[in-house]
$ cat upload23.txt   # compact mmCIF, C-alpha atoms
# COMPACT_ATOMS: atom_id res chain seq x y z
CA GLU A 1 6.72 -15.24 2.62
CA THR A 2 6.50 -11.86 4.26
CA GLY A 3 4.59 -12.85 7.39
CA VAL A 4 1.28 -11.71 5.88
CA THR A 5 -0.50 -14.51 4.01
CA GLN A 6 -3.57 -14.07 1.83
CA THR A 7 -5.81 -16.79 0.44
CA PRO A 8 -6.94 -17.53 -2.14
CA ARG A 9 -4.47 -15.97 -4.59
CA HIS A 10 -7.04 -15.96 -7.37
CA LEU A 11 -10.83 -16.02 -7.22
CA VAL A 12 -13.48 -15.99 -9.94
CA MET A 13 -17.05 -15.55 -8.76
CA GLY A 14 -20.45 -14.86 -10.19
CA MET A 15 -22.48 -11.87 -9.15
CA THR A 16 -24.83 -13.99 -7.04
CA ASN A 17 -22.10 -15.90 -5.20
CA LYS A 18 -20.86 -15.48 -1.65
CA LYS A 19 -17.16 -15.87 -0.99
CA SER A 20 -14.59 -14.80 1.60
CA LEU A 21 -11.02 -13.57 1.41
CA LYS A 22 -8.66 -14.45 4.23
CA CYS A 23 -5.62 -12.66 5.60
CA GLU A 24 -3.33 -13.97 8.31
CA GLN A 25 -0.31 -12.33 9.93
CA HIS A 26 2.17 -13.82 12.39
CA LEU A 27 4.20 -10.67 12.98
CA GLY A 28 2.61 -9.69 16.27
CA HIS A 29 1.07 -6.62 14.65
CA ASN A 30 -2.10 -5.16 16.09
CA ALA A 31 -3.50 -3.28 13.11
CA MET A 32 -4.77 -4.75 9.86
CA TYR A 33 -6.04 -3.17 6.66
CA TRP A 34 -7.88 -4.01 3.47
CA TYR A 35 -6.90 -2.14 0.30
CA LYS A 36 -8.38 -2.38 -3.17
CA GLN A 37 -5.99 -2.01 -6.09
CA SER A 38 -7.37 -1.31 -9.56
CA ALA A 39 -6.26 0.57 -12.64
CA LYS A 40 -8.45 3.56 -11.69
CA LYS A 41 -7.37 3.85 -8.05
CA PRO A 42 -4.06 2.17 -7.44
CA LEU A 43 -4.24 1.78 -3.63
CA GLU A 44 -7.64 2.56 -2.16
CA LEU A 45 -8.18 2.04 1.57
CA MET A 46 -11.31 0.04 2.44
CA PHE A 47 -11.13 -0.90 6.12
CA VAL A 48 -8.88 -0.41 9.13
CA TYR A 49 -8.92 -2.68 12.16
CA SER A 50 -7.08 -1.97 15.38
CA LEU A 51 -6.98 -4.59 18.12
CA GLU A 52 -9.87 -6.39 16.41
CA GLU A 53 -12.08 -3.31 16.35
CA ARG A 54 -12.98 -1.53 13.17
CA VAL A 55 -11.65 2.02 13.37
CA GLU A 56 -12.42 3.12 9.84
CA ASN A 57 -14.80 2.20 7.07
CA ASN A 58 -13.91 4.22 4.02
CA SER A 59 -17.45 4.48 2.55
CA VAL A 60 -17.29 0.95 1.19
CA PRO A 61 -20.51 -0.61 -0.23
CA SER A 62 -22.25 -3.05 2.09
CA ARG A 63 -21.63 -5.94 -0.34
CA PHE A 64 -18.15 -5.96 1.26
CA SER A 65 -18.25 -7.09 4.89
CA PRO A 66 -15.05 -7.29 6.96
CA GLU A 67 -14.47 -9.47 10.00
CA CYS A 68 -11.56 -9.49 12.42
CA PRO A 69 -11.97 -12.32 14.95
CA ASN A 70 -8.52 -11.77 16.48
CA SER A 71 -5.44 -9.67 15.91
CA SER A 72 -3.91 -12.28 13.57
CA HIS A 73 -6.80 -12.84 11.19
CA LEU A 74 -8.82 -10.62 8.91
CA PHE A 75 -11.56 -11.63 6.51
CA LEU A 76 -13.43 -9.85 3.73
CA HIS A 77 -16.82 -11.40 3.04
CA LEU A 78 -18.17 -10.79 -0.45
CA HIS A 79 -21.74 -11.08 -1.71
CA THR A 80 -23.66 -9.90 -4.77
CA LEU A 81 -20.61 -8.20 -6.23
CA GLN A 82 -20.52 -6.25 -9.48
CA PRO A 83 -18.07 -6.63 -12.38
CA GLU A 84 -16.50 -3.29 -11.41
CA ASP A 85 -15.45 -4.89 -8.11
CA SER A 86 -12.90 -6.95 -10.02
CA ALA A 87 -9.50 -5.93 -8.65
CA LEU A 88 -6.53 -7.00 -6.56
CA TYR A 89 -7.43 -6.98 -2.86
CA LEU A 90 -4.44 -6.41 -0.62
CA CYS A 91 -4.21 -7.00 3.09
CA ALA A 92 -1.63 -5.15 5.17
CA SER A 93 -0.62 -5.08 8.81
CA SER A 94 1.18 -2.58 11.00
CA GLN A 95 3.02 -3.00 14.28
CA GLU A 96 1.07 -0.38 16.21
CA TRP A 97 -2.18 1.04 14.86
CA ASP A 98 -1.73 4.57 16.07
CA ARG A 99 1.92 4.75 15.11
CA VAL A 100 1.93 3.71 11.50
CA GLY A 101 4.19 6.67 11.01
CA ASN A 102 6.80 4.81 13.01
CA TYR A 103 6.48 1.39 11.47
CA GLY A 104 4.76 1.47 8.08
CA TYR A 105 3.00 -1.54 6.57
CA THR A 106 3.73 -5.10 5.58
CA PHE A 107 1.58 -6.21 2.66
CA GLY A 108 0.29 -9.62 1.72
CA SER A 109 0.51 -10.88 -1.85
CA GLY A 110 -3.13 -10.10 -2.56
CA THR A 111 -6.16 -11.90 -3.97
CA ARG A 112 -6.90 -11.29 -7.63
CA LEU A 113 -10.70 -11.17 -7.79
CA THR A 114 -12.67 -11.44 -11.02
CA VAL A 115 -16.44 -10.98 -10.94
CA VAL A 116 -18.28 -12.44 -13.92
CA GLY B 1 -7.04 14.12 5.75
CA GLU B 2 -3.76 13.66 3.96
CA ASN B 3 -3.55 14.23 0.19
CA VAL B 4 -0.57 12.74 -1.63
CA GLU B 5 0.21 13.55 -5.25
CA GLN B 6 2.81 11.65 -7.26
CA HIS B 7 4.52 12.46 -10.57
CA PRO B 8 5.16 11.29 -13.18
CA SER B 9 2.67 8.48 -13.71
CA THR B 10 5.01 6.76 -16.18
CA LEU B 11 8.76 7.05 -16.63
CA SER B 12 11.08 5.38 -19.11
CA VAL B 13 14.79 5.53 -18.47
CA GLN B 14 17.80 4.12 -20.34
CA GLU B 15 19.64 1.45 -18.37
CA GLY B 16 22.42 3.04 -16.36
CA ASP B 17 20.76 6.45 -16.18
CA SER B 18 19.05 7.91 -13.11
CA ALA B 19 15.33 8.05 -12.32
CA VAL B 20 13.55 10.55 -10.09
CA ILE B 21 9.98 10.29 -8.80
CA LYS B 22 8.39 13.15 -6.86
CA CYS B 23 5.57 13.34 -4.32
CA THR B 24 3.87 16.18 -2.49
CA TYR B 25 1.77 15.92 0.65
CA SER B 26 -0.69 18.22 2.37
CA ASP B 27 -0.54 17.50 6.11
CA SER B 28 2.32 19.41 7.70
CA ALA B 29 2.12 17.11 10.73
CA SER B 30 3.20 14.08 8.67
CA ASN B 31 6.57 12.80 9.81
CA TYR B 32 7.20 9.50 7.99
CA PHE B 33 7.49 8.96 4.24
CA PRO B 34 7.91 5.44 2.85
CA TRP B 35 8.40 4.27 -0.71
CA TYR B 36 7.04 0.94 -1.93
CA LYS B 37 8.01 -1.01 -5.03
CA GLN B 38 5.51 -3.34 -6.68
CA GLU B 39 6.76 -5.68 -9.36
CA LEU B 40 4.29 -7.17 -11.82
CA GLY B 41 2.00 -9.64 -10.08
CA LYS B 42 3.62 -9.13 -6.69
CA ARG B 43 2.86 -7.31 -3.45
CA PRO B 44 4.09 -3.81 -2.64
CA GLN B 45 7.38 -3.95 -0.73
CA LEU B 46 8.98 -1.22 1.33
CA ILE B 47 12.28 -0.19 -0.25
CA ILE B 48 13.21 2.92 1.69
CA ASP B 49 11.67 5.39 4.11
CA ILE B 50 12.59 8.71 5.67
CA ARG B 51 11.55 10.50 8.83
CA SER B 52 11.08 14.20 9.19
CA ASN B 53 14.19 14.76 11.28
CA VAL B 54 16.50 14.18 8.28
CA GLY B 55 16.65 15.64 4.80
CA GLU B 56 18.16 12.71 2.92
CA LYS B 57 18.65 8.98 3.28
CA LYS B 58 20.60 6.64 1.01
CA ASP B 59 20.68 2.87 0.60
CA GLN B 60 23.08 1.79 -2.15
CA ARG B 61 21.54 2.99 -5.45
CA ILE B 62 18.37 4.33 -3.84
CA ALA B 63 17.98 7.64 -2.05
CA VAL B 64 15.08 9.68 -0.73
CA THR B 65 15.12 13.43 -0.12
CA LEU B 66 12.63 15.38 1.97
CA ASN B 67 11.79 19.08 1.94
CA LYS B 68 9.42 19.70 4.86
CA THR B 69 9.03 23.38 4.12
CA ALA B 70 7.78 22.71 0.61
CA LYS B 71 6.07 19.45 1.67
CA HIS B 72 7.58 17.27 -0.97
CA PHE B 73 9.83 14.22 -1.08
CA SER B 74 11.52 12.39 -3.91
CA LEU B 75 12.89 8.96 -4.75
CA HIS B 76 16.17 8.81 -6.64
CA ILE B 77 17.44 5.65 -8.31
CA THR B 78 20.94 5.80 -9.79
CA GLU B 79 22.65 3.42 -12.23
CA THR B 80 19.27 1.90 -13.09
CA GLN B 81 19.03 -1.80 -13.96
CA PRO B 82 16.30 -3.85 -15.68
CA GLU B 83 15.16 -5.24 -12.32
CA ASP B 84 14.27 -1.71 -11.25
CA SER B 85 11.30 -1.86 -13.64
CA ALA B 86 8.16 -1.78 -11.45
CA VAL B 87 5.46 0.50 -10.10
CA TYR B 88 6.62 2.74 -7.27
CA PHE B 89 4.29 4.24 -4.65
CA CYS B 90 4.99 7.01 -2.19
CA ALA B 91 2.94 7.38 1.00
CA ALA B 92 2.42 9.58 4.02
CA PRO B 93 0.55 8.98 7.30
CA SER B 94 -2.77 10.64 7.97
CA PHE B 95 -3.15 13.20 10.72
CA GLY B 96 -4.31 10.55 13.19
CA ASN B 97 -1.30 8.43 12.20
CA GLU B 98 -3.39 5.27 11.94
CA LYS B 99 -3.16 4.76 8.18
CA LEU B 100 -1.04 5.53 5.16
CA THR B 101 -2.30 7.53 2.19
CA PHE B 102 -0.65 6.46 -1.05
CA GLY B 103 0.22 8.31 -4.21
CA THR B 104 -1.19 7.09 -7.50
CA GLY B 105 2.00 5.29 -8.47
CA THR B 106 4.73 5.64 -11.09
CA ARG B 107 5.34 2.92 -13.64
CA LEU B 108 9.10 2.88 -14.19
CA THR B 109 10.45 1.09 -17.26
CA ILE B 110 14.18 0.57 -17.69
CA ILE B 111 15.17 0.32 -21.34
CA PRO B 112 18.09 -2.10 -21.91
$ encode --input "upload23.txt" --output "C-alpha cells"
Amino acid sequence: ETGVTQTPRHLVMGMTNKKSLKCEQHLGHNAMYWYKQSAKKPLELMFVYSLEERVENNSVPSRFSPECPNSSHLFLHLHTLQPEDSALYLCASSQEWDRVGNYGYTFGSGTRLTVV
Amino acid sequence: GENVEQHPSTLSVQEGDSAVIKCTYSDSASNYFPWYKQELGKRPQLIIDIRSNVGEKKDQRIAVTLNKTAKHFSLHITETQPEDSAVYFCAAPSFGNEKLTFGTGTRLTIIP
C-alpha cells in the first residue's frame, strides 16, 4: 500500500442510488484531491481540500458532494448519477497544499465506478 | 491557469530501443515537473521528477530533460523492457502551486 487507501475498489450503482467513496491517508499530508479518470479526460481535477477546507471546486455537478472531516479522510458522496459518470475516481494527497511543486502527489488505487 | 500538452498519445517501441515522450507547459512560473507511470488497473506512480534549477536528471534507464526557455520537458526511457508498457503522464503545478495539471497521457507499448 502507498499510504493512500481508497474504498471500495469497485462500485456498481443505479442512477437513483446514493453511495459514498472513501479515501484515507496516513502520510501526515494536509492536502487531498479528487480526480476523475476516463477515456475522454485522463486526469480531470474535481476537488481540492487543504487543511479540511475546500479550496477549489472545478465546476463539478452538484450530484458529486465532497466531504473532508479531518486531514486524513476524504469522502465523495454520489447521488442521482448518470451513465457518463462511470469512470475511475482517484484520490491523491500532498504534503503541503501550497507547495505541491515541492512534493507532488501520492495517489490511491482508485474506485472503479459503473453507473447503470 | 497552467496548460500542459503531451505527445504522442500512443507510442510503440521495439524492446531494447529508446522511447521519448514530450510535454509543453504554459506557466513560466512553474518550477516542478513530475512524471507518473500508470500500469493497467493500477494507480499512477511517480517515477521521476525535475526542478527548474537543473536541466537533466537521470535514474538508471529513465531520464528527464527540461528546457525552461522553450517551456518543454521530456521523458527518456532507454533499453526498454516489456514492464515499461504503461500510460505515462507528465504534470506541472498551477500558478498558485496548490495543484498539478496533467497532460493527456501517452500509452507506451513495448514490442517483444
$ residues_around --input "upload23.txt" --residues "Gln37 of chain A" --least-positions-apart "4" --cutoff "9 Å" --atoms "all atoms listed in the file" --output "VMD selection string"
chain A and resid 41 to 45 87 to 90
$ interface_residues --input "upload23.txt" --of "chain A" --to "chain B" --cutoff "12 Å" --atoms "only C-alpha atoms" --output "ChimeraX atom specification"
/A:1-2,4-6,9-10,30-50,54-58,88-112
$ atom_distance --input "upload23.txt" --atom1 "atom CA of Tyr25 of chain B" --atom2 "atom CA of Gln38 of chain B"
20.9 Å
$ atom_distance --input "upload23.txt" --atom1 "atom CA of His79 of chain A" --atom2 "atom CA of Gly3 of chain A"
27.9 Å
$ residues_around --input "upload23.txt" --residues "Ile62 of chain B" --least-positions-apart "3" --cutoff "8 Å" --atoms "only C-alpha atoms" --output "list in words"
Ile48, Lys58, Asp59, Leu75, His76, Ile77 and Thr78 of chain B
$ closest_residue --input "upload23.txt" --among "B:Tyr88, B:Lys22, B:Ser28, B:Asp17" --to "Arg61 of chain B" --atoms "all atoms listed in the file"
B:Asp17
$ residues_around --input "upload23.txt" --residues "Asn17 of chain A" --least-positions-apart "4" --cutoff "12 Å" --atoms "only C-alpha atoms" --output "list in words"
Leu11, Val12, Met13, Arg63, His77, Leu78, His79, Thr80, Leu81, Gln82, Thr114, Val115 and Val116 of chain A
$ atom_distance --input "upload23.txt" --atom1 "atom CA of Glu84 of chain A" --atom2 "atom CA of Thr109 of chain B"
27.9 Å
$ build_atoms --input "upload23.txt" --residues "segment 1-25 of chain A" --atoms "N, CA, C and O atoms" --output "PDB file, in the frame of the given file"
ATOM      1  N   GLU A   1       7.935 -15.918   2.119  1.00  0.00           N
ATOM      2  CA  GLU A   1       6.720 -15.240   2.620  1.00  0.00           C
ATOM      3  C   GLU A   1       7.087 -14.067   3.520  1.00  0.00           C
ATOM      4  O   GLU A   1       8.123 -14.039   4.159  1.00  0.00           O
ATOM      5  N   THR A   2       6.182 -13.093   3.556  1.00  0.00           N
ATOM      6  CA  THR A   2       6.500 -11.860   4.260  1.00  0.00           C
ATOM      7  C   THR A   2       6.029 -11.877   5.697  1.00  0.00           C
ATOM      8  O   THR A   2       6.304 -10.980   6.446  1.00  0.00           O
ATOM      9  N   GLY A   3       5.224 -12.864   6.087  1.00  0.00           N
ATOM     10  CA  GLY A   3       4.590 -12.850   7.390  1.00  0.00           C
ATOM     11  C   GLY A   3       3.129 -12.470   7.284  1.00  0.00           C
ATOM     12  O   GLY A   3       2.407 -12.582   8.274  1.00  0.00           O
ATOM     13  N   VAL A   4       2.697 -12.004   6.127  1.00  0.00           N
ATOM     14  CA  VAL A   4       1.280 -11.710   5.880  1.00  0.00           C
ATOM     15  C   VAL A   4       0.844 -12.599   4.714  1.00  0.00           C
ATOM     16  O   VAL A   4       1.360 -12.457   3.611  1.00  0.00           O
ATOM     17  N   THR A   5      -0.070 -13.514   4.989  1.00  0.00           N
ATOM     18  CA  THR A   5      -0.500 -14.510   4.010  1.00  0.00           C
ATOM     19  C   THR A   5      -1.946 -14.277   3.616  1.00  0.00           C
ATOM     20  O   THR A   5      -2.803 -14.140   4.493  1.00  0.00           O
ATOM     21  N   GLN A   6      -2.206 -14.249   2.326  1.00  0.00           N
ATOM     22  CA  GLN A   6      -3.570 -14.070   1.830  1.00  0.00           C
ATOM     23  C   GLN A   6      -3.994 -15.285   1.012  1.00  0.00           C
ATOM     24  O   GLN A   6      -3.224 -15.808   0.207  1.00  0.00           O
ATOM     25  N   THR A   7      -5.242 -15.713   1.229  1.00  0.00           N
ATOM     26  CA  THR A   7      -5.810 -16.790   0.440  1.00  0.00           C
ATOM     27  C   THR A   7      -7.256 -16.468   0.086  1.00  0.00           C
ATOM     28  O   THR A   7      -7.949 -15.772   0.849  1.00  0.00           O
ATOM     29  N   PRO A   8      -7.730 -16.911  -1.089  1.00  0.00           N
ATOM     30  CA  PRO A   8      -6.940 -17.530  -2.140  1.00  0.00           C
ATOM     31  C   PRO A   8      -6.126 -16.486  -2.915  1.00  0.00           C
ATOM     32  O   PRO A   8      -6.332 -15.292  -2.745  1.00  0.00           O
ATOM     33  N   ARG A   9      -5.229 -16.909  -3.775  1.00  0.00           N
ATOM     34  CA  ARG A   9      -4.470 -15.970  -4.590  1.00  0.00           C
ATOM     35  C   ARG A   9      -5.298 -15.455  -5.764  1.00  0.00           C
ATOM     36  O   ARG A   9      -5.128 -14.317  -6.206  1.00  0.00           O
ATOM     37  N   HIS A  10      -6.164 -16.334  -6.271  1.00  0.00           N
ATOM     38  CA  HIS A  10      -7.040 -15.960  -7.370  1.00  0.00           C
ATOM     39  C   HIS A  10      -8.455 -16.448  -7.053  1.00  0.00           C
ATOM     40  O   HIS A  10      -8.623 -17.523  -6.472  1.00  0.00           O
ATOM     41  N   LEU A  11      -9.445 -15.658  -7.471  1.00  0.00           N
ATOM     42  CA  LEU A  11     -10.830 -16.020  -7.220  1.00  0.00           C
ATOM     43  C   LEU A  11     -11.697 -15.488  -8.359  1.00  0.00           C
ATOM     44  O   LEU A  11     -11.624 -14.304  -8.678  1.00  0.00           O
ATOM     45  N   VAL A  12     -12.491 -16.393  -8.936  1.00  0.00           N
ATOM     46  CA  VAL A  12     -13.480 -15.990  -9.940  1.00  0.00           C
ATOM     47  C   VAL A  12     -14.839 -16.302  -9.348  1.00  0.00           C
ATOM     48  O   VAL A  12     -15.082 -17.421  -8.906  1.00  0.00           O
ATOM     49  N   MET A  13     -15.728 -15.317  -9.327  1.00  0.00           N
ATOM     50  CA  MET A  13     -17.050 -15.550  -8.760  1.00  0.00           C
ATOM     51  C   MET A  13     -18.135 -14.865  -9.563  1.00  0.00           C
ATOM     52  O   MET A  13     -17.895 -13.817 -10.193  1.00  0.00           O
ATOM     53  N   GLY A  14     -19.302 -15.464  -9.540  1.00  0.00           N
ATOM     54  CA  GLY A  14     -20.450 -14.860 -10.190  1.00  0.00           C
ATOM     55  C   GLY A  14     -21.075 -13.815  -9.304  1.00  0.00           C
ATOM     56  O   GLY A  14     -20.791 -13.738  -8.108  1.00  0.00           O
ATOM     57  N   MET A  15     -21.912 -12.997  -9.885  1.00  0.00           N
ATOM     58  CA  MET A  15     -22.480 -11.870  -9.150  1.00  0.00           C
ATOM     59  C   MET A  15     -23.422 -12.313  -8.039  1.00  0.00           C
ATOM     60  O   MET A  15     -23.680 -11.545  -7.102  1.00  0.00           O
ATOM     61  N   THR A  16     -23.919 -13.541  -8.090  1.00  0.00           N
ATOM     62  CA  THR A  16     -24.830 -13.990  -7.040  1.00  0.00           C
ATOM     63  C   THR A  16     -24.135 -14.835  -5.971  1.00  0.00           C
ATOM     64  O   THR A  16     -24.742 -15.262  -5.002  1.00  0.00           O
ATOM     65  N   ASN A  17     -22.838 -15.060  -6.152  1.00  0.00           N
ATOM     66  CA  ASN A  17     -22.100 -15.900  -5.200  1.00  0.00           C
ATOM     67  C   ASN A  17     -21.786 -15.175  -3.905  1.00  0.00           C
ATOM     68  O   ASN A  17     -21.820 -13.937  -3.834  1.00  0.00           O
ATOM     69  N   LYS A  18     -21.441 -15.995  -2.890  1.00  0.00           N
ATOM     70  CA  LYS A  18     -20.860 -15.480  -1.650  1.00  0.00           C
ATOM     71  C   LYS A  18     -19.519 -16.145  -1.450  1.00  0.00           C
ATOM     72  O   LYS A  18     -19.426 -17.368  -1.501  1.00  0.00           O
ATOM     73  N   LYS A  19     -18.501 -15.344  -1.223  1.00  0.00           N
ATOM     74  CA  LYS A  19     -17.160 -15.870  -0.990  1.00  0.00           C
ATOM     75  C   LYS A  19     -16.485 -15.030   0.088  1.00  0.00           C
ATOM     76  O   LYS A  19     -16.952 -13.939   0.430  1.00  0.00           O
ATOM     77  N   SER A  20     -15.366 -15.538   0.596  1.00  0.00           N
ATOM     78  CA  SER A  20     -14.590 -14.800   1.600  1.00  0.00           C
ATOM     79  C   SER A  20     -13.121 -14.805   1.259  1.00  0.00           C
ATOM     80  O   SER A  20     -12.592 -15.816   0.802  1.00  0.00           O
ATOM     81  N   LEU A  21     -12.470 -13.682   1.499  1.00  0.00           N
ATOM     82  CA  LEU A  21     -11.020 -13.570   1.410  1.00  0.00           C
ATOM     83  C   LEU A  21     -10.445 -13.640   2.811  1.00  0.00           C
ATOM     84  O   LEU A  21     -11.028 -13.105   3.750  1.00  0.00           O
ATOM     85  N   LYS A  22      -9.284 -14.277   2.911  1.00  0.00           N
ATOM     86  CA  LYS A  22      -8.660 -14.450   4.230  1.00  0.00           C
ATOM     87  C   LYS A  22      -7.281 -13.828   4.239  1.00  0.00           C
ATOM     88  O   LYS A  22      -6.528 -13.914   3.263  1.00  0.00           O
ATOM     89  N   CYS A  23      -6.957 -13.218   5.366  1.00  0.00           N
ATOM     90  CA  CYS A  23      -5.620 -12.660   5.600  1.00  0.00           C
ATOM     91  C   CYS A  23      -5.148 -13.101   6.976  1.00  0.00           C
ATOM     92  O   CYS A  23      -5.915 -13.060   7.945  1.00  0.00           O
ATOM     93  N   GLU A  24      -3.893 -13.495   7.045  1.00  0.00           N
ATOM     94  CA  GLU A  24      -3.330 -13.970   8.310  1.00  0.00           C
ATOM     95  C   GLU A  24      -1.932 -13.380   8.478  1.00  0.00           C
ATOM     96  O   GLU A  24      -1.135 -13.392   7.549  1.00  0.00           O
ATOM     97  N   GLN A  25      -1.657 -12.845   9.673  1.00  0.00           N
ATOM     98  CA  GLN A  25      -0.310 -12.330   9.930  1.00  0.00           C
ATOM     99  C   GLN A  25       0.218 -12.911  11.243  1.00  0.00           C
ATOM    100  O   GLN A  25      -0.519 -13.051  12.208  1.00  0.00           O
TER     101      GLN A  25
END
